[in-house]
$ cat target_15.cif   # mmCIF, C-alpha atoms
data_final
loop_
_atom_site.group_PDB
_atom_site.id
_atom_site.type_symbol
_atom_site.label_atom_id
_atom_site.label_comp_id
_atom_site.auth_asym_id
_atom_site.auth_seq_id
_atom_site.Cartn_x
_atom_site.Cartn_y
_atom_site.Cartn_z
ATOM 1 C CA MET A 221 31.760 210.976 -10.485
ATOM 2 C CA LEU A 222 30.955 210.265 -6.852
ATOM 3 C CA LEU A 223 28.120 211.942 -4.974
ATOM 4 C CA ASP A 224 29.088 214.260 -2.141
ATOM 5 C CA LEU A 225 27.849 212.100 0.729
ATOM 6 C CA THR A 226 29.233 211.587 4.210
ATOM 7 C CA PRO A 227 29.605 207.969 5.354
ATOM 8 C CA ASP A 228 26.494 208.339 7.549
ATOM 9 C CA GLU A 229 24.525 209.817 4.657
ATOM 10 C CA LEU A 230 25.596 206.996 2.361
ATOM 11 C CA LEU A 231 24.529 204.358 4.883
ATOM 12 C CA SER A 232 21.204 205.996 5.730
ATOM 13 C CA THR A 233 20.118 206.966 2.220
ATOM 14 C CA THR A 234 20.964 203.828 0.246
ATOM 15 C CA ARG A 235 17.360 202.935 -0.344
ATOM 16 C CA ALA A 236 15.500 200.189 -2.168
ATOM 17 C CA VAL A 237 14.821 202.128 -5.366
ATOM 18 C CA ARG A 238 11.802 201.040 -7.390
ATOM 19 C CA ARG A 239 9.963 204.127 -8.650
ATOM 20 C CA ARG A 240 12.962 206.348 -9.298
ATOM 21 C CA LEU A 241 14.994 204.161 -11.631
ATOM 22 C CA ASP A 242 15.911 205.844 -14.922
ATOM 23 C CA PHE A 243 14.948 203.249 -17.521
ATOM 24 C CA ASP A 244 16.254 205.285 -20.459
ATOM 25 C CA ARG A 245 19.868 205.835 -19.432
ATOM 26 C CA PRO A 246 22.390 203.024 -19.969
ATOM 27 C CA VAL A 247 24.736 202.177 -17.102
ATOM 28 C CA PRO A 248 28.406 202.185 -18.198
ATOM 29 C CA ARG A 249 30.178 198.878 -17.799
ATOM 30 C CA GLU A 250 33.094 200.534 -16.032
ATOM 31 C CA LEU A 251 30.836 201.794 -13.231
ATOM 32 C CA ILE A 252 29.493 198.301 -12.618
ATOM 33 C CA GLU A 253 33.029 196.947 -12.612
ATOM 34 C CA GLU A 254 34.057 199.566 -10.031
ATOM 35 C CA CYS A 255 31.143 198.498 -7.810
ATOM 36 C CA VAL A 256 32.121 194.839 -8.095
ATOM 37 C CA ASP A 257 35.754 195.669 -7.266
ATOM 38 C CA LEU A 258 34.548 197.318 -4.060
ATOM 39 C CA ALA A 259 32.043 194.548 -3.335
ATOM 40 C CA VAL A 260 34.707 191.873 -3.229
ATOM 41 C CA GLN A 261 36.582 193.771 -0.533
ATOM 42 C CA ALA A 262 33.849 192.571 1.840
ATOM 43 C CA PRO A 263 34.598 189.827 4.372
ATOM 44 C CA THR A 264 33.943 186.238 3.350
ATOM 45 C CA GLY A 265 33.901 183.050 5.394
ATOM 46 C CA ARG A 266 37.352 181.397 5.651
ATOM 47 C CA ASN A 267 38.497 183.657 2.796
ATOM 48 C CA ARG A 268 36.893 181.257 0.318
ATOM 49 C CA GLN A 269 35.689 184.096 -1.951
ATOM 50 C CA ARG A 270 32.989 181.978 -3.559
ATOM 51 C CA TRP A 271 31.034 184.992 -4.760
ATOM 52 C CA HIS A 272 30.036 185.749 -8.344
ATOM 53 C CA PHE A 273 28.172 188.645 -9.951
ATOM 54 C CA LEU A 274 26.226 188.012 -13.141
ATOM 55 C CA VAL A 275 25.418 191.248 -14.976
ATOM 56 C CA VAL A 276 22.780 191.209 -17.715
ATOM 57 C CA THR A 277 22.716 194.130 -20.147
ATOM 58 C CA GLU A 278 22.252 192.527 -23.594
ATOM 59 C CA PRO A 279 18.689 193.341 -24.805
ATOM 60 C CA ALA A 280 17.461 189.835 -25.665
ATOM 61 C CA GLN A 281 18.934 188.390 -22.465
ATOM 62 C CA ARG A 282 17.386 191.211 -20.426
ATOM 63 C CA ARG A 283 13.968 190.428 -21.894
ATOM 64 C CA ALA A 284 14.331 186.755 -21.009
ATOM 65 C CA VAL A 285 15.443 187.546 -17.481
ATOM 66 C CA ALA A 286 12.701 190.162 -17.012
ATOM 67 C CA ASP A 287 10.091 187.606 -18.070
ATOM 68 C CA ILE A 288 11.348 185.187 -15.421
ATOM 69 C CA PHE A 289 11.243 187.981 -12.830
ATOM 70 C CA VAL A 290 7.561 188.693 -13.521
ATOM 71 C CA ARG A 291 6.503 185.037 -13.577
ATOM 72 C CA SER A 292 8.568 184.169 -10.521
ATOM 73 C CA LEU A 293 7.243 187.113 -8.520
ATOM 74 C CA ALA A 294 3.713 185.876 -9.085
ATOM 75 C CA GLN A 295 4.682 182.548 -7.501
ATOM 76 C CA GLY A 296 6.395 184.000 -4.448
ATOM 77 C CA GLY A 297 4.823 183.411 -1.072
ATOM 78 C CA GLY A 298 7.048 183.606 1.968
ATOM 79 C CA GLN A 299 6.265 182.925 5.581
ATOM 80 C CA PRO A 300 2.897 184.046 6.990
ATOM 81 C CA LEU A 301 2.902 187.469 8.615
ATOM 82 C CA THR A 302 2.787 187.602 12.418
ATOM 83 C CA ASP A 303 0.967 190.228 14.459
ATOM 84 C CA LEU A 304 4.340 191.850 15.177
ATOM 85 C CA ASP A 305 5.127 191.902 11.448
ATOM 86 C CA LEU A 306 1.885 193.717 10.762
ATOM 87 C CA TRP A 307 2.498 196.198 13.586
ATOM 88 C CA ARG A 308 5.983 196.984 12.293
ATOM 89 C CA MET A 309 4.804 197.246 8.695
ATOM 90 C CA ASN A 310 2.112 199.728 9.656
ATOM 91 C CA HIS A 311 3.930 201.693 12.356
ATOM 92 C CA HIS A 312 4.391 204.409 9.734
ATOM 93 C CA PRO A 313 1.208 203.888 7.678
ATOM 94 C CA THR A 314 2.440 205.271 4.360
ATOM 95 C CA SER A 315 5.713 203.307 4.295
ATOM 96 C CA THR A 316 4.353 199.901 3.343
ATOM 97 C CA ARG A 317 1.900 201.381 0.856
ATOM 98 C CA ARG A 318 4.775 203.148 -0.881
ATOM 99 C CA VAL A 319 6.760 199.894 -0.994
ATOM 100 C CA PHE A 320 3.958 198.034 -2.756
ATOM 101 C CA ASP A 321 3.179 200.951 -5.075
ATOM 102 C CA GLY A 322 6.846 201.004 -6.013
ATOM 103 C CA LEU A 323 6.870 197.247 -6.544
ATOM 104 C CA ARG A 324 3.935 197.461 -8.945
ATOM 105 C CA HIS A 325 5.739 200.215 -10.858
ATOM 106 C CA LEU A 326 8.893 198.097 -11.045
ATOM 107 C CA VAL A 327 7.014 195.023 -12.272
ATOM 108 C CA ASP A 328 5.269 197.063 -14.960
ATOM 109 C CA ASN A 329 8.611 198.395 -16.179
ATOM 110 C CA ILE A 330 11.037 195.590 -15.383
ATOM 111 C CA HIS A 331 11.699 194.990 -19.092
ATOM 112 C CA ARG A 332 13.025 198.559 -19.326
ATOM 113 C CA VAL A 333 15.662 198.255 -16.594
ATOM 114 C CA PRO A 334 19.068 198.747 -18.270
ATOM 115 C CA ALA A 335 20.974 196.214 -16.148
ATOM 116 C CA PHE A 336 20.271 193.299 -13.859
ATOM 117 C CA VAL A 337 22.786 192.107 -11.290
ATOM 118 C CA ILE A 338 22.370 188.571 -9.999
ATOM 119 C CA PRO A 339 24.795 187.810 -7.156
ATOM 120 C CA ALA A 340 25.605 184.142 -6.753
ATOM 121 C CA ILE A 341 27.681 181.950 -4.492
ATOM 122 C CA GLU A 342 29.240 178.542 -4.921
ATOM 123 C CA GLY A 343 27.555 175.940 -2.724
ATOM 124 C CA ARG A 344 23.857 175.416 -2.212
ATOM 125 C CA THR A 345 22.062 175.651 1.137
ATOM 126 C CA ASP A 346 18.935 173.656 0.293
ATOM 127 C CA ARG A 347 17.897 171.894 3.526
ATOM 128 C CA ALA A 348 21.312 172.705 5.023
ATOM 129 C CA PRO A 349 21.764 173.179 8.811
ATOM 130 C CA VAL A 350 21.756 176.675 10.268
ATOM 131 C CA ALA A 351 25.557 176.788 10.592
ATOM 132 C CA THR A 352 25.951 176.134 6.875
ATOM 133 C CA GLN A 353 23.221 178.619 6.000
ATOM 134 C CA ALA A 354 24.843 181.309 8.126
ATOM 135 C CA GLY A 355 28.296 180.753 6.684
ATOM 136 C CA THR A 356 27.066 180.804 3.095
ATOM 137 C CA TRP A 357 24.781 183.818 3.328
ATOM 138 C CA GLY A 358 27.303 185.611 5.502
ATOM 139 C CA SER A 359 29.781 185.258 2.649
ATOM 140 C CA ILE A 360 27.582 186.874 -0.024
ATOM 141 C CA LEU A 361 25.351 189.401 1.759
ATOM 142 C CA PRO A 362 28.152 191.759 2.903
ATOM 143 C CA ALA A 363 29.541 191.833 -0.644
ATOM 144 C CA VAL A 364 26.146 192.600 -2.160
ATOM 145 C CA TRP A 365 25.494 195.392 0.351
ATOM 146 C CA SER A 366 28.911 196.849 -0.487
ATOM 147 C CA PHE A 367 27.924 196.716 -4.168
ATOM 148 C CA MET A 368 24.699 198.571 -3.402
ATOM 149 C CA LEU A 369 26.520 201.236 -1.368
ATOM 150 C CA ALA A 370 29.059 201.687 -4.151
ATOM 151 C CA ALA A 371 26.231 202.011 -6.666
ATOM 152 C CA ARG A 372 24.492 204.660 -4.560
ATOM 153 C CA ALA A 373 27.733 206.653 -4.314
ATOM 154 C CA ARG A 374 27.823 206.700 -8.126
ATOM 155 C CA GLY A 375 24.247 207.863 -8.595
ATOM 156 C CA LEU A 376 22.911 204.380 -9.280
ATOM 157 C CA GLY A 377 19.861 202.805 -7.681
ATOM 158 C CA THR A 378 19.360 199.194 -6.629
ATOM 159 C CA VAL A 379 16.768 197.074 -4.901
ATOM 160 C CA TRP A 380 17.398 193.642 -3.384
ATOM 161 C CA THR A 381 14.691 191.228 -4.483
ATOM 162 C CA THR A 382 14.344 187.471 -4.100
ATOM 163 C CA ALA A 383 12.044 187.177 -7.083
ATOM 164 C CA GLN A 384 14.432 184.658 -8.633
ATOM 165 C CA ALA A 385 13.789 182.067 -5.937
ATOM 166 C CA PRO A 386 10.652 180.257 -7.238
ATOM 167 C CA LEU A 387 12.146 179.960 -10.742
ATOM 168 C CA GLU A 388 15.816 179.868 -9.787
ATOM 169 C CA ARG A 389 16.514 176.744 -11.821
ATOM 170 C CA GLU A 390 15.024 178.297 -14.958
ATOM 171 C CA LEU A 391 16.974 181.520 -14.416
ATOM 172 C CA ALA A 392 20.150 179.510 -13.903
ATOM 173 C CA GLN A 393 19.528 177.757 -17.204
ATOM 174 C CA VAL A 394 19.085 181.063 -19.041
ATOM 175 C CA LEU A 395 22.288 182.394 -17.451
ATOM 176 C CA ARG A 396 24.131 179.076 -18.005
ATOM 177 C CA VAL A 397 24.808 178.771 -14.298
ATOM 178 C CA PRO A 398 25.535 175.235 -12.970
ATOM 179 C CA TYR A 399 22.485 175.064 -10.692
ATOM 180 C CA ASP A 400 23.673 172.080 -8.637
ATOM 181 C CA ASP A 401 26.881 173.884 -7.680
ATOM 182 C CA VAL A 402 25.974 177.585 -7.571
ATOM 183 C CA MET A 403 23.112 179.364 -5.783
ATOM 184 C CA LEU A 404 21.564 182.541 -7.169
ATOM 185 C CA ALA A 405 21.258 184.707 -4.077
ATOM 186 C CA ALA A 406 19.210 187.677 -5.297
ATOM 187 C CA PHE A 407 17.861 189.576 -8.294
ATOM 188 C CA ILE A 408 18.903 193.237 -8.325
ATOM 189 C CA PRO A 409 17.669 195.789 -10.884
ATOM 190 C CA LEU A 410 20.313 198.460 -11.495
ATOM 191 C CA ALA A 411 19.885 201.890 -13.099
ATOM 192 C CA TYR A 412 20.738 205.521 -12.630
ATOM 193 C CA THR A 413 18.327 207.177 -10.226
ATOM 194 C CA ILE A 414 15.986 210.010 -11.092
ATOM 195 C CA GLY A 415 17.467 212.566 -8.734
ATOM 196 C CA THR A 416 19.842 211.665 -5.923
ATOM 197 C CA ASP A 417 18.065 213.314 -2.968
ATOM 198 C CA PHE A 418 17.137 210.185 -1.030
ATOM 199 C CA LYS A 419 16.323 210.437 2.661
ATOM 200 C CA PRO A 420 16.525 208.028 5.606
ATOM 201 C CA ALA A 421 13.556 205.678 5.908
ATOM 202 C CA LYS A 422 11.036 205.823 8.729
ATOM 203 C CA ARG A 423 11.642 202.891 11.048
ATOM 204 C CA ILE A 424 10.206 201.549 14.270
ATOM 205 C CA PRO A 425 11.772 203.040 17.439
ATOM 206 C CA ARG A 426 15.212 201.847 18.509
ATOM 207 C CA GLU A 427 13.908 200.427 21.789
ATOM 208 C CA HIS A 428 12.021 197.762 19.837
ATOM 209 C CA VAL A 429 15.177 196.373 18.222
ATOM 210 C CA LEU A 430 18.070 197.077 20.583
ATOM 211 C CA HIS A 431 18.727 194.575 23.389
ATOM 212 C CA TRP A 432 21.418 194.868 26.053
ATOM 213 C CA ASN A 433 22.900 191.703 27.600
ATOM 214 C CA ARG A 434 19.724 189.631 27.127
ATOM 215 C CA TRP A 435 16.484 189.633 25.097
#
$ encode --input "target_15.cif" --output "structure tokens"
Amino acid sequence: MLLDLTPDELLSTTRAVRRRLDFDRPVPRELIEECVDLAVQAPTGRNRQRWHFLVVTEPAQRRAVADIFVRSLAQGGGQPLTDLDLWRMNHHPTSTRRVFDGLRHLVDNIHRVPAFVIPAIEGRTDRAPVATQAGTWGSILPAVWSFMLAARARGLGTVWTTAQAPLERELAQVLRVPYDDVMLAAFIPLAYTIGTDFKPAKRIPREHVLHWNRW
């Protein structure tokens, strides 16, 4: 059953769900398959359709994958924050605090998530030039966002994480993915949401992100 959402409501209320995932309610396989069917309607570079979606629901496999998530998250670093990053993060003071509170909740309960979705794409971008990076990521990100929108429309919650990155090779081994040929693009917990009344996020003003004709 689809939620009664307008297109604008769907786009503005598909949130990164961490605290409001229902860990006790299984997600039917057919719903995930519907989301994947919609995801692969997204555009893809040169129509190569190199995308893949690995779905983990089997209990022992979920435990193994959850363990990698926790250990990998502890190793994550990322680029240093700039002054502008900090200003944007704290423009609405409670927003970032809620993100990190939600992340801690997710980490504490990651083993309870009923399904993990790991989108992947054929072809690695390690040390690749920008043109290759853009073409590869541009051929998986639209599909994953379509999956997340489709999930939201069905009362399911998702959150894009890159927690797989530091231990991608180990995760690939657990999933039997040919690491040298296929890149794991993200690690997405999937569950029904507790309630469906999500609201648009608070963002920095439009004038800080919209540019006309030149920077």
$ residues_near_point --input "target_15.cif" --point "(15.6, 204.8, -14.1)" --cutoff "9 Å" --atoms "all atoms listed in the file" --output "list in words"
Arg238, Arg239, Arg240, Leu241, Asp242, Phe243, Asp244, Arg245, Arg332, Val333, Pro334, Leu376, Gly377, Leu410, Ala411, Tyr412, Thr413 and Ile414 of chain A
$ atom_distance --input "target_15.cif" --atom1 "atom CA of A:Gly355" --atom2 "atom CA of A:Leu430"
23.8 Å
$ closest_residue --input "target_15.cif" --among "A:Ala371, A:Ala406, A:Val429, A:Leu293" --to "A:Ile330" --atoms "only C-alpha atoms"
A:Leu293
$ closest_residue --input "target_15.cif" --among "A:Ala370, A:Ile288, A:Val402, A:Val397" --to "A:Ala259" --atoms "all atoms listed in the file"
A:Ala370
$ closest_residue --input "target_15.cif" --among "A:Arg374, A:His325, A:Leu387, A:Leu361" --to "A:Glu254" --atoms "only C-alpha atoms"
A:Arg374
$ closest_residue --input "target_15.cif" --among "A:Glu390, A:Gly265, A:Asp321, A:His428" --to "A:Gly358" --atoms "all atoms listed in the file"
A:Gly265
$ residues_near_point --input "target_15.cif" --point "(31.1, 174.9, -5.3)" --cutoff "7 Å" --atoms "only C-alpha atoms" --output "MDAnalysis selection string"
chainID A and resid 342:343 401:402
$ residues_around --input "target_15.cif" --residues "A:Arg389" --least-positions-apart "6" --cutoff "10 Å" --atoms "all atoms listed in the file" --output "PDB file with C-alpha atoms, in the frame of the given file"
ATOM      1  CA  LEU A 395      22.288 182.394 -17.451  1.00  0.00           C
ATOM      2  CA  VAL A 397      24.808 178.771 -14.298  1.00  0.00           C
ATOM      3  CA  PRO A 398      25.535 175.235 -12.970  1.00  0.00           C
ATOM      4  CA  TYR A 399      22.485 175.064 -10.692  1.00  0.00           C
ATOM      5  CA  ASP A 400      23.673 172.080  -8.637  1.00  0.00           C
ATOM      6  CA  MET A 403      23.112 179.364  -5.783  1.00  0.00           C
ATOM      7  CA  LEU A 404      21.564 182.541  -7.169  1.00  0.00           C
TER       8      LEU A 404
END
$ decode --input "target_15.cif" --residues "stretch 310-333 of chain A" --atoms "N, CA and C atoms" --output "CSV table (one decimal), in the first residue's frame"
chain,number,residue,atom,x,y,z
A,310,ASN,N,25.9,24.0,11.7
A,310,ASN,CA,25.3,24.6,12.9
A,310,ASN,C,24.4,25.7,12.6
A,311,HIS,N,24.0,25.9,11.4
A,311,HIS,CA,23.1,27.0,11.0
A,311,HIS,C,21.8,26.8,11.8
A,312,HIS,N,21.3,25.6,11.8
A,312,HIS,CA,20.2,25.2,12.7
A,312,HIS,C,20.7,24.3,13.8
A,313,PRO,N,21.0,24.8,15.0
A,313,PRO,CA,21.8,24.2,16.0
A,313,PRO,C,21.4,22.7,16.3
A,314,THR,N,20.1,22.4,16.3
A,314,THR,CA,19.7,21.1,16.7
A,314,THR,C,19.8,20.1,15.7
A,315,SER,N,20.0,20.5,14.4
A,315,SER,CA,20.0,19.5,13.3
A,315,SER,C,21.1,18.5,13.4
A,316,THR,N,22.3,19.0,13.5
A,316,THR,CA,23.5,18.2,13.6
A,316,THR,C,23.5,17.3,14.8
A,317,ARG,N,23.1,17.8,15.9
A,317,ARG,CA,23.0,17.0,17.1
A,317,ARG,C,22.0,15.9,17.0
A,318,ARG,N,20.9,16.1,16.3
A,318,ARG,CA,19.9,15.0,16.1
A,318,ARG,C,20.5,14.0,15.1
A,319,VAL,N,21.3,14.4,14.1
A,319,VAL,CA,22.0,13.5,13.2
A,319,VAL,C,22.9,12.5,14.0
A,320,PHE,N,23.7,13.1,14.9
A,320,PHE,CA,24.7,12.2,15.6
A,320,PHE,C,24.0,11.4,16.7
A,321,ASP,N,22.9,11.9,17.3
A,321,ASP,CA,22.1,11.1,18.2
A,321,ASP,C,21.5,9.9,17.5
A,322,GLY,N,21.0,10.2,16.3
A,322,GLY,CA,20.4,9.1,15.5
A,322,GLY,C,21.4,8.1,15.1
A,323,LEU,N,22.6,8.6,14.8
A,323,LEU,CA,23.7,7.6,14.3
A,323,LEU,C,24.0,6.7,15.5
A,324,ARG,N,24.2,7.3,16.7
A,324,ARG,CA,24.5,6.4,17.8
A,324,ARG,C,23.4,5.4,18.1
A,325,HIS,N,22.1,5.8,17.9
A,325,HIS,CA,21.0,4.8,18.1
A,325,HIS,C,21.1,3.7,17.0
A,326,LEU,N,21.4,4.1,15.8
A,326,LEU,CA,21.5,3.1,14.7
A,326,LEU,C,22.6,2.2,15.0
A,327,VAL,N,23.8,2.7,15.4
A,327,VAL,CA,24.9,1.8,15.7
A,327,VAL,C,24.6,0.8,16.8
A,328,ASP,N,23.9,1.3,17.8
A,328,ASP,CA,23.6,0.4,18.9
A,328,ASP,C,22.6,-0.7,18.5
A,329,ASN,N,21.9,-0.4,17.5
A,329,ASN,CA,20.8,-1.4,17.1
A,329,ASN,C,21.0,-2.0,15.7
A,330,ILE,N,22.1,-1.8,15.1
A,330,ILE,CA,22.3,-2.2,13.7
A,330,ILE,C,22.1,-3.6,13.5
A,331,HIS,N,22.4,-4.5,14.5
A,331,HIS,CA,22.2,-5.9,14.4
A,331,HIS,C,20.7,-6.3,14.3
A,332,ARG,N,19.8,-5.3,14.7
A,332,ARG,CA,18.4,-5.6,14.7
A,332,ARG,C,17.7,-5.1,13.4
A,333,VAL,N,18.4,-4.5,12.5
A,333,VAL,CA,17.8,-4.0,11.3
A,333,VAL,C,17.4,-5.2,10.4
